[in-house]
Amino acid sequence: MRHLLPLAVASLLNRRGTVLLTVLSIALSVLLLLGIERISKSAEDSFRSTVSSTDLIIGARSGPVQLLLYSVFRIGNATNNMSWQSYRELAAHPEVAWTIPMSLGDSHRGYRVLGTTADYFEHFRYGQKQPLALAAGERFDAVFDVVLGAEVASALGYQLGEQIVLAHGGGSLAVVEHADKPFTVVGILARTGTPVDRTLHVSLAGIEAIHIGWEDGAAPRRSDAVAAEAVAEHDLTPQTITAFLVGLKSKFGIFAMQRAVNDYSAEPLTAILPGATLQQLWELIGVADAALTLISACVVAAGLIGMLTVILTSLNERRREMAILRSVGARPGHIFLLMIFESGLLALLGCTAGLALFYTALGLLAPWANQAFGLYLEWQWPALREWTILAVICALGLLIGALPAWRAYRNALHDGLSIRL
Amino acid sequence: MSDAALPTQASAAGGDSTCITVESLRYRWPRAERDTLAIPALHIARGEQVFVQGASGSGKTTLLGLLGGVLLPSAGRVELLGSDLAALKPAARDAFRVAHIGFIFQLFNLLPYLSLRDNVLLPCRFSAQRRARAEQHSGQRGELHEQAHRLLDELGLPRALHDKKVVALSVGQQQRVAAARALIGAPELVIADEPTSALDADSREDFLRLLFAECREHGSTLLFVSHDRQLAGLFGRTLSMDELNAAAAETMA
C-alpha cells in the first residue's frame, strides 16, 4: 500500500482539473448539508428559548398554537380579548406567583407594540431563564414612555429621547396613526435573539390613552378627540387585555390551574403550557426542517454520484495506465486498492474543503444572520452529529468507489498486459 | 510481496541454463472453434537474443501472454526459469512475472504523471527482488535512484530530463525509458512487443543496438517480437511464427 499511495496521488494530480471540480462539488454539498444542520439547530434553539420560566399563558378561547403565536412570537392576531376583570380574578388565585398582562394590537413601522406592566421587566425570562436587561435608559414610567427592543432601535436608528408615533393595527400597511399622542423613547433593551427584540413596549395605561375615543374601533371625530395633556383626567385602567403570562408558586399547581382557567365560567378562556405548545408548534415547523435536510442529503448524493460518473468515465482512458501498472507488477488487487483509495481520497478532500467552506461562511455570515433573522450561529467545533455526517459521506465515497474499482479490477484481469487504445 | 518464497532458486540450483521451455503447448481462446496456438516444442537458453517474426494474427500476442503467465495453456507446459507458470497461484504468478520479466510494449509504455526516473523505478515498487538486485547492481544499498539514472544515461537520455515528466519526450526517447524500466533490477527475461514499430529506420537501429548492449550487460534473455522481417538480421536467432505455430499450419491445411 505504501507503494500505491504516491502513485494514486500523482495520478490524481495529473488529472487535477476534473479532480478539483469533483472535490468542489462534494465540498459544496457538504457545505449545504452542514449549513442547513447548523441553521436548523440554531433556529430550534432560539425557538425554544423564546420563553422560559412561564408556567401558563392565558388568553381568550382559541387554539393553543394561535395563542402561543400571538402572545410569544407576535405573529397573527387574537380573535378576542379577555376582560380586565377576569384577569384580576385569575391573577389573585392563591397559586399564582406573578403575572404579566399583555395588550397587543398596535404597531410601529411593522414592529408590534406590546402594552404591559413593570412586571414584564421583573418576571419575563427567555433562553436559560435569563431576565431582560436594559442596554440604555430605563423602564417606562410615564403614560407616553416607550422601551424599544434591540432590533427596533438598531433597524430604525432610534436614540433615547426620540419621539415616535404608534399606528393602529398591525403590519407595515397600518395607516391610521395615533399621531396626536407621540411616545418618548426612554429605554432600549439588550439583544435577546427572541421576538422581544422586535417589540416596542409601553404601559397598559399608554395603550389605553391612545385609544380614548376609539371605542367603536375607528378614529374619534376631531371634536371628540382628547389631547395628550388631558389623558390624565381619564381613568386609564384597561377594559380588556389580549393575554397574560403566569408564573405559579409551585410547578405542581400547573394542571389544576390550567383546568381552572379552561373551566372558568365568567368567559371562555384558554390556558396553555408554553413548553408543550412550543413542542407542538416545532413539530409543525419540523416538517419543513426535515424536508430541507432531505434536500441537502440529496445534494450530497448528487455530489457523490457526480464523483462516480467522473471516475467511471475516466476508467476507459485509464485502461492503459492500469495495463502499464500490471506489466510492472501491480496485481489486480493493487488496481482495486488504487481506485478505491482514489474515491476515498476525493470524498475526504471534499469533506475537508466543505468543512473549511462551512467555517468560512459561518465566520462571514454569522453577524448578518443574527442581525437579519435573529439566528445566533455559534462558532463551535463540529459536534458528534456533524462528525457522523462527514464520516458517513467518506464511507459512502469509499462504497461508491468500489464500483469503478471492481470494474477496473475486472478490466485488469481481462486485459492482462495487452494495452488497448 | 513475498518473492523470496518463489521457486526461482530451484532452477538456479539445478544449474539450468534454460530460460524458456515450451512443451506441446496448445491455446484456444474461450468460445473459439480452433486453437490459436500450437507449439510442439521451444527452448530458449539464458542470454539468447531471439527475434520472433510474425504477421498480425499469427499468434504472437497470444504467445507473449502465455510466456508472461497472463494466459494459461489449454494443454501442455510453459516453463520459465524452471518454474511451471500454470502451477503458481495468481498472486504468485504476478509476483514471479515482475521479479523475472521486463516488458517493453509497442507504444505509450509510460505513466504520463511520473518523471522518467520514477517510471523506470516502477518495477522496484512492486518487487522486492527487482529492488534488491537494482541496489546490488548500483553497488550501494539504498541507491536505487542512482541505478535508474545510470540506466537512463546508458540509454542516451540526458540527466536534465530524468526528473521531468515523460510527456515532453519524443517517441524514440519514450521507448528508451521503457527499455530502462524493463532492464532495472536485471530480470532474467526481457519481452519486447513491437517496441520499434513507431520509430523511423535510424532510431530503430540505435534503439536495438542499445537494447542488445544492455541485455548483454545485465545478462538478460531478450525475446523480441515484431512483424518487421528487416530486423531479423540483427539477432542471433530468428523464429518465424509461421514455422513455430503448428496451429497456423493446421489452418492452412
# chains A, B, ... in the order shown; residues from 1 in each chain; ligands from 1
>>> interface_residues(of="chain A", to="chain B", cutoff="9 Å", atoms="only C-alpha atoms", output="VMD selection string")
chain A and resid 3 to 4 7 10 to 15 320 to 321 324 to 332 413 415 to 419
>>> select_by_dssp(residues="range 12-188 of chain B", states="alpha helix (DSSP H)", output="PyMOL selection string")
chain B and resi 12-13+60-67+90-100+116-126+128-138+144-154+159-162+171-183
>>> closest_residue(among="A:Ala142, A:Leu67, A:Cys351, A:Ile305", to="Leu204 in chain A", atoms="only C-alpha atoms")
A:Ala142
>>> residues_around(residues="Phe73 in chain A", least_positions_apart="2", cutoff="10 Å", atoms="only C-alpha atoms", output="list in words")
Phe47, Thr50, Val51, Gln66, Leu67, Leu68, Leu69, Tyr70, Ser71, Ile75, Gly76, Thr194, Pro195, Val196, Arg198 and Thr199 of chain A
>>> residues_around(residues="Ala361 in chain A", least_positions_apart="6", cutoff="10 Å", atoms="only C-alpha atoms", output="list of chain:residue names")
A:Leu31, A:Gly35, A:Leu355
>>> write_last_selection(atoms="C-alpha atoms", output="tab-separated table (two decimals), in the first residue's frame")
chain	number	residue	atom	x	y	z
A	31	LEU	CA	-21.31	22.89	2.99
A	35	GLY	CA	-25.13	24.72	6.92
A	355	LEU	CA	-15.78	21.94	6.36
>>> residues_around(residues="range 215-229 of chain B", least_positions_apart="4", cutoff="9 Å", atoms="only C-alpha atoms", output="count of residues only")
35
>>> residues_around(residues="range 205-209 of chain A", least_positions_apart="2", cutoff="6 Å", atoms="only C-alpha atoms", output="NGL selection string")
:A and (115 or 143-144 or 203 or 211-212 or 236 or 238)
>>> residues_around(residues="range 377-394 of chain A", least_positions_apart="4", cutoff="6 Å", atoms="only C-alpha atoms", output="MDAnalysis selection string")
chainID A and resid 347:348 366
>>> write_last_selection(atoms="C-alpha atoms", output="PDB file, in the first residue's frame")
ATOM      1  CA  ALA A 347     -14.579  12.183  -0.639  1.00  0.00           C
ATOM      2  CA  LEU A 348     -12.187  13.050   2.192  1.00  0.00           C
ATOM      3  CA  ALA A 366     -22.964  34.821  11.444  1.00  0.00           C
TER       4      ALA A 366
END
>>> atom_distance(atom1="CA of Ala232 in chain B", atom2="CA of Ser24 in chain B")
25.8 Å
>>> select_by_dssp(residues="range 9-233 of chain B", states="strand (DSSP E)", output="NGL selection string")
:B and (18-27 or 37-45 or 49-53 or 75-80 or 83-84 or 101-104 or 189-193 or 221-226)
>>> write_last_selection(atoms="C-alpha atoms", output="mmCIF file, in the first residue's frame")
data_model
loop_
_atom_site.group_PDB
_atom_site.id
_atom_site.type_symbol
_atom_site.label_atom_id
_atom_site.label_comp_id
_atom_site.auth_asym_id
_atom_site.auth_seq_id
_atom_site.Cartn_x
_atom_site.Cartn_y
_atom_site.Cartn_z
ATOM 1 C CA THR B 18 17.371 -22.741 -19.991
ATOM 2 C CA CYS B 19 15.285 -19.631 -19.848
ATOM 3 C CA ILE B 20 12.106 -20.741 -21.607
ATOM 4 C CA THR B 21 10.854 -24.250 -22.193
ATOM 5 C CA VAL B 22 7.630 -24.886 -24.076
ATOM 6 C CA GLU B 23 6.270 -28.400 -24.491
ATOM 7 C CA SER B 24 3.205 -29.468 -26.509
ATOM 8 C CA LEU B 25 1.619 -26.100 -25.879
ATOM 9 C CA ARG B 26 -1.874 -25.523 -27.154
ATOM 10 C CA TYR B 27 -4.017 -22.497 -26.552
ATOM 11 C CA LEU B 37 -1.586 -21.522 -30.913
ATOM 12 C CA ALA B 38 0.047 -24.932 -31.003
ATOM 13 C CA ILE B 39 3.774 -25.196 -30.306
ATOM 14 C CA PRO B 40 5.174 -28.715 -30.010
ATOM 15 C CA ALA B 41 8.483 -27.579 -28.519
ATOM 16 C CA LEU B 42 10.523 -24.428 -27.967
ATOM 17 C CA HIS B 43 13.724 -23.897 -25.978
ATOM 18 C CA ILE B 44 15.381 -20.605 -25.398
ATOM 19 C CA ALA B 45 18.632 -20.565 -23.468
ATOM 20 C CA GLN B 49 18.604 -12.719 -28.109
ATOM 21 C CA VAL B 50 15.718 -14.121 -30.085
ATOM 22 C CA PHE B 51 13.681 -12.459 -32.784
ATOM 23 C CA VAL B 52 10.166 -13.790 -33.230
ATOM 24 C CA GLN B 53 8.736 -12.712 -36.543
ATOM 25 C CA ALA B 75 -2.756 -28.004 -22.846
ATOM 26 C CA GLY B 76 0.978 -28.546 -22.468
ATOM 27 C CA ARG B 77 3.559 -26.687 -20.369
ATOM 28 C CA VAL B 78 5.251 -23.339 -20.257
ATOM 29 C CA GLU B 79 8.291 -23.263 -18.019
ATOM 30 C CA LEU B 80 10.101 -20.099 -17.192
ATOM 31 C CA SER B 83 9.013 -22.882 -12.942
ATOM 32 C CA ASP B 84 5.720 -24.062 -14.374
ATOM 33 C CA ILE B 101 10.391 -10.397 -16.713
ATOM 34 C CA GLY B 102 10.740 -6.857 -18.007
ATOM 35 C CA PHE B 103 8.216 -5.744 -20.613
ATOM 36 C CA ILE B 104 8.502 -3.201 -23.408
ATOM 37 C CA LEU B 189 13.914 -12.182 -19.412
ATOM 38 C CA VAL B 190 13.043 -9.063 -21.373
ATOM 39 C CA ILE B 191 9.988 -9.352 -23.597
ATOM 40 C CA ALA B 192 9.661 -6.644 -26.224
ATOM 41 C CA ASP B 193 6.428 -6.464 -28.195
ATOM 42 C CA THR B 221 17.498 -13.010 -22.291
ATOM 43 C CA LEU B 222 15.743 -10.937 -24.951
ATOM 44 C CA LEU B 223 12.600 -12.071 -26.706
ATOM 45 C CA PHE B 224 11.818 -9.541 -29.390
ATOM 46 C CA VAL B 225 8.563 -9.834 -31.292
ATOM 47 C CA SER B 226 7.878 -7.952 -34.500
#
>>> atom_distance(atom1="CA of Glu37 in chain A", atom2="CA of Gln279 in chain A")
18.7 Å
>>> closest_residue(among="A:Arg139, A:Gln128, A:Ile241, A:Val165", to="Ser83 in chain A", atoms="only C-alpha atoms")
A:Ile241
>>> atom_distance(atom1="CA of Ala179 in chain A", atom2="CA of Ala227 in chain A")
10.9 Å
